[in-house]
Each structure stands twice: as C-alpha cells, then as structure tokens.
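Below is one structure, written out as structure tokens; the observations come after it.
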Amino acid sequence: MSSEARADQDVRTRIRSIILQVAPNPEGVRATETRLVEDLGYHSLALLELGFTMEDEFDLPPLDQSQVQHITTVEEVEDLVLDLMQANAGG
C-alpha cells in the first residue's frame with residue numbers, strides 16, 4: 001500500500017470514528033454501506049452537527065447544501081471530505 005493510500009485510509013478511519021461518535025444510533029453500522037439516516041439514526045440537527053465537526057476536524061471550508069444534499073452513506077461522507085482536503089491542498 002502506498003503512503004498516499006495509507007494516508008487516505010487513515011483519514012477514512014478518522015471520519016468513520018467521528019460519524020459514530022456523533023451518531024444518534026451508533027449500533028446501526030452494517031457490513032455493507034452504512035446509511036446515515038436509516039442505519040445510524042441521523043436527523044437534520046445531527047447532520048448539521050456532523051458537518052460542522054468535519055469542517056473543524058479537517059480544516060474544511062464551510063459545506064454548502066449543493067455539496068451535501070445527495071450524501072446518504074458513511075462512504076459518501078468519506079469521499080467528500082477526502083475530495084475537499086485534496087482541493088484545499090492543491091489550491
């Protein structure tokens with residue numbers, strides 16, 4: 001595994017940990033894609049809190065509605081945070 005892939009995996013692990021810490025129902029994790037609302041019990045306020053936590057933890061610019069409106073799974077949160085981190089590093 002390359003150092004870049006390892007770094008991405010470390011970030012994904014941190015994101016997952018944060019999602020579970022903030023989740024209303026952290027026992028809802030599934031073997032396949034875990035859904036934020038259906039499996040972990042997220043509601044609108046908890047989703048906002050999660051967004052703010054990700055911004056703070058990973059030094060991200062404020063998230064806007066267009067970036068997050070289609071996100072439903074833990075993996076999609078991981079992908080968005082990694083994409084935003086790479087965009088910040090590149091520019």
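Chain lettering (A, B, ...) mirrors the order of the structure tokens, residue numbering begins at 1 for each chain separately, and ligand numbering begins at 1 in order of display.
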
Within 12 Å of A:His70 using only C-alpha atoms, minus same-chain residues under 5 positions, as a list in words: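 That gives Arg35, Leu36, Asp64, Gln65, Glu76, Val77 and Leu80 of chain A.
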
Who sits within 8 Å of A:Glu33, only C-alpha atoms, same chain under 2 positions skipped, as a ChimeraX atom specification: /A:30-31,35,73-75

Picked from stretch 16-65 of chain A by DSSP as helix (DSSP H, G or I), as a list in words: Arg16, Ser17, Ile18, Ile19, Leu20, Gln21, Val22, Pro26, Glu27, Gly28, Ser44, Leu45, Ala46, Leu47, Leu48, Glu49, Leu50, Gly51, Phe52, Thr53, Met54, Glu55, Asp56, Glu57, Phe58 and Gln65 of chain A

Point-to-point distance in Å for atom CA of A:Thr53 and atom CA of A:Gln21: 10.6 Å

Two-atom distance - atom CA of A:Arg6, atom CA of A:Ser66 (Å):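 Spanning atom CA of A:Arg6 to atom CA of A:Ser66 is a straight-line distance of 29.2 Å.
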
Shell around A:Ala89 at 12 Å using only C-alpha atoms, local window under 2 positions removed, as number ranges by chain: A: 58-61, 82-87, 91

One-decimal distance in Å that lies between atom CA of A:Ile15 and atom CA of A:Met54: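 Atom CA of A:Ile15 lies 7.7 Å from atom CA of A:Met54.
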
Residue neighbourhood A:Ile19, 12 Å, only C-alpha atoms, exclusion window fewer than 4 positions, as a PyMOL selection string: chain A and resi 12-15+23-29+34-37+39-42+46-54+57+73-78

How would the residues just picked look written out with N, CA and C atoms as a CSV table (one decimal), in the first residue's frame?
```
chain,number,residue,atom,x,y,z
A,12,ARG,N,-10.1,8.1,6.3
A,12,ARG,CA,-11.4,7.4,6.3
A,12,ARG,C,-11.7,6.8,7.7
A,13,THR,N,-10.7,6.3,8.4
A,13,THR,CA,-10.9,5.7,9.7
A,13,THR,C,-11.3,6.8,10.7
A,14,ARG,N,-10.6,8.0,10.6
A,14,ARG,CA,-11.0,9.1,11.5
A,14,ARG,C,-12.4,9.6,11.2
A,15,ILE,N,-12.7,9.7,10.0
A,15,ILE,CA,-14.1,10.1,9.6
A,15,ILE,C,-15.1,9.2,10.2
A,23,ALA,N,-23.3,10.0,16.0
A,23,ALA,CA,-24.5,9.3,15.6
A,23,ALA,C,-25.5,9.1,16.7
A,24,PRO,N,-26.7,9.4,16.4
A,24,PRO,CA,-27.8,9.1,17.4
A,24,PRO,C,-27.9,7.6,17.7
A,25,ASN,N,-27.6,6.7,16.8
A,25,ASN,CA,-27.7,5.2,16.9
A,25,ASN,C,-26.4,4.6,16.4
A,26,PRO,N,-25.3,4.7,17.1
A,26,PRO,CA,-24.0,4.1,16.6
A,26,PRO,C,-24.0,2.6,16.4
A,27,GLU,N,-25.0,1.9,17.0
A,27,GLU,CA,-25.0,0.5,16.8
A,27,GLU,C,-25.6,0.1,15.5
A,28,GLY,N,-26.0,1.0,14.7
A,28,GLY,CA,-26.6,0.8,13.4
A,28,GLY,C,-25.7,0.4,12.2
A,29,VAL,N,-24.4,0.3,12.5
A,29,VAL,CA,-23.4,0.0,11.5
A,29,VAL,C,-23.7,-1.3,10.8
A,34,THR,N,-23.2,1.7,5.2
A,34,THR,CA,-24.0,2.2,6.3
A,34,THR,C,-24.6,3.5,5.9
A,35,ARG,N,-25.9,3.6,6.1
A,35,ARG,CA,-26.6,4.8,5.7
A,35,ARG,C,-26.8,5.7,7.0
A,36,LEU,N,-26.6,7.0,6.8
A,36,LEU,CA,-26.6,7.9,7.9
A,36,LEU,C,-28.0,8.0,8.6
A,37,VAL,N,-29.0,8.2,7.8
A,37,VAL,CA,-30.4,8.3,8.4
A,37,VAL,C,-31.0,7.0,8.8
A,39,ASP,N,-29.7,3.9,9.1
A,39,ASP,CA,-29.0,2.9,10.0
A,39,ASP,C,-28.5,3.6,11.2
A,40,LEU,N,-28.0,4.8,11.1
A,40,LEU,CA,-27.4,5.5,12.3
A,40,LEU,C,-28.3,6.5,13.0
A,41,GLY,N,-29.5,6.7,12.4
A,41,GLY,CA,-30.5,7.5,13.1
A,41,GLY,C,-30.2,9.0,13.0
A,42,TYR,N,-29.4,9.4,12.0
A,42,TYR,CA,-29.2,10.9,11.9
A,42,TYR,C,-30.5,11.6,11.5
A,46,ALA,N,-28.6,16.6,13.8
A,46,ALA,CA,-27.4,15.7,13.9
A,46,ALA,C,-26.5,15.8,12.7
A,47,LEU,N,-27.2,15.9,11.5
A,47,LEU,CA,-26.4,16.0,10.3
A,47,LEU,C,-25.7,17.4,10.2
A,48,LEU,N,-26.3,18.4,10.7
A,48,LEU,CA,-25.6,19.7,10.8
A,48,LEU,C,-24.4,19.7,11.7
A,49,GLU,N,-24.6,19.0,12.9
A,49,GLU,CA,-23.5,18.9,13.8
A,49,GLU,C,-22.4,18.1,13.2
A,50,LEU,N,-22.7,17.0,12.4
A,50,LEU,CA,-21.7,16.3,11.8
A,50,LEU,C,-20.9,17.1,10.8
A,51,GLY,N,-21.6,17.9,10.0
A,51,GLY,CA,-21.0,18.8,9.0
A,51,GLY,C,-20.0,19.8,9.7
A,52,PHE,N,-20.5,20.4,10.8
A,52,PHE,CA,-19.6,21.3,11.5
A,52,PHE,C,-18.4,20.6,12.1
A,53,THR,N,-18.6,19.4,12.6
A,53,THR,CA,-17.5,18.7,13.2
A,53,THR,C,-16.5,18.3,12.1
A,54,MET,N,-16.9,17.9,10.9
A,54,MET,CA,-16.0,17.6,9.8
A,54,MET,C,-15.2,18.8,9.4
A,57,GLU,N,-12.6,19.5,12.2
A,57,GLU,CA,-11.6,18.4,12.4
A,57,GLU,C,-10.6,18.4,11.2
A,73,THR,N,-24.6,8.0,2.7
A,73,THR,CA,-23.9,6.9,3.4
A,73,THR,C,-22.6,7.4,4.0
A,74,VAL,N,-22.0,6.6,4.9
A,74,VAL,CA,-20.7,6.9,5.5
A,74,VAL,C,-19.6,7.0,4.4
A,75,GLU,N,-19.6,6.1,3.5
A,75,GLU,CA,-18.6,6.2,2.4
A,75,GLU,C,-18.7,7.5,1.6
A,76,GLU,N,-19.9,8.0,1.4
A,76,GLU,CA,-20.0,9.3,0.6
A,76,GLU,C,-19.5,10.4,1.5
A,77,VAL,N,-19.6,10.4,2.8
A,77,VAL,CA,-19.0,11.4,3.6
A,77,VAL,C,-17.5,11.4,3.5
A,78,GLU,N,-17.0,10.2,3.6
A,78,GLU,CA,-15.5,10.0,3.5
A,78,GLU,C,-15.0,10.5,2.2
```
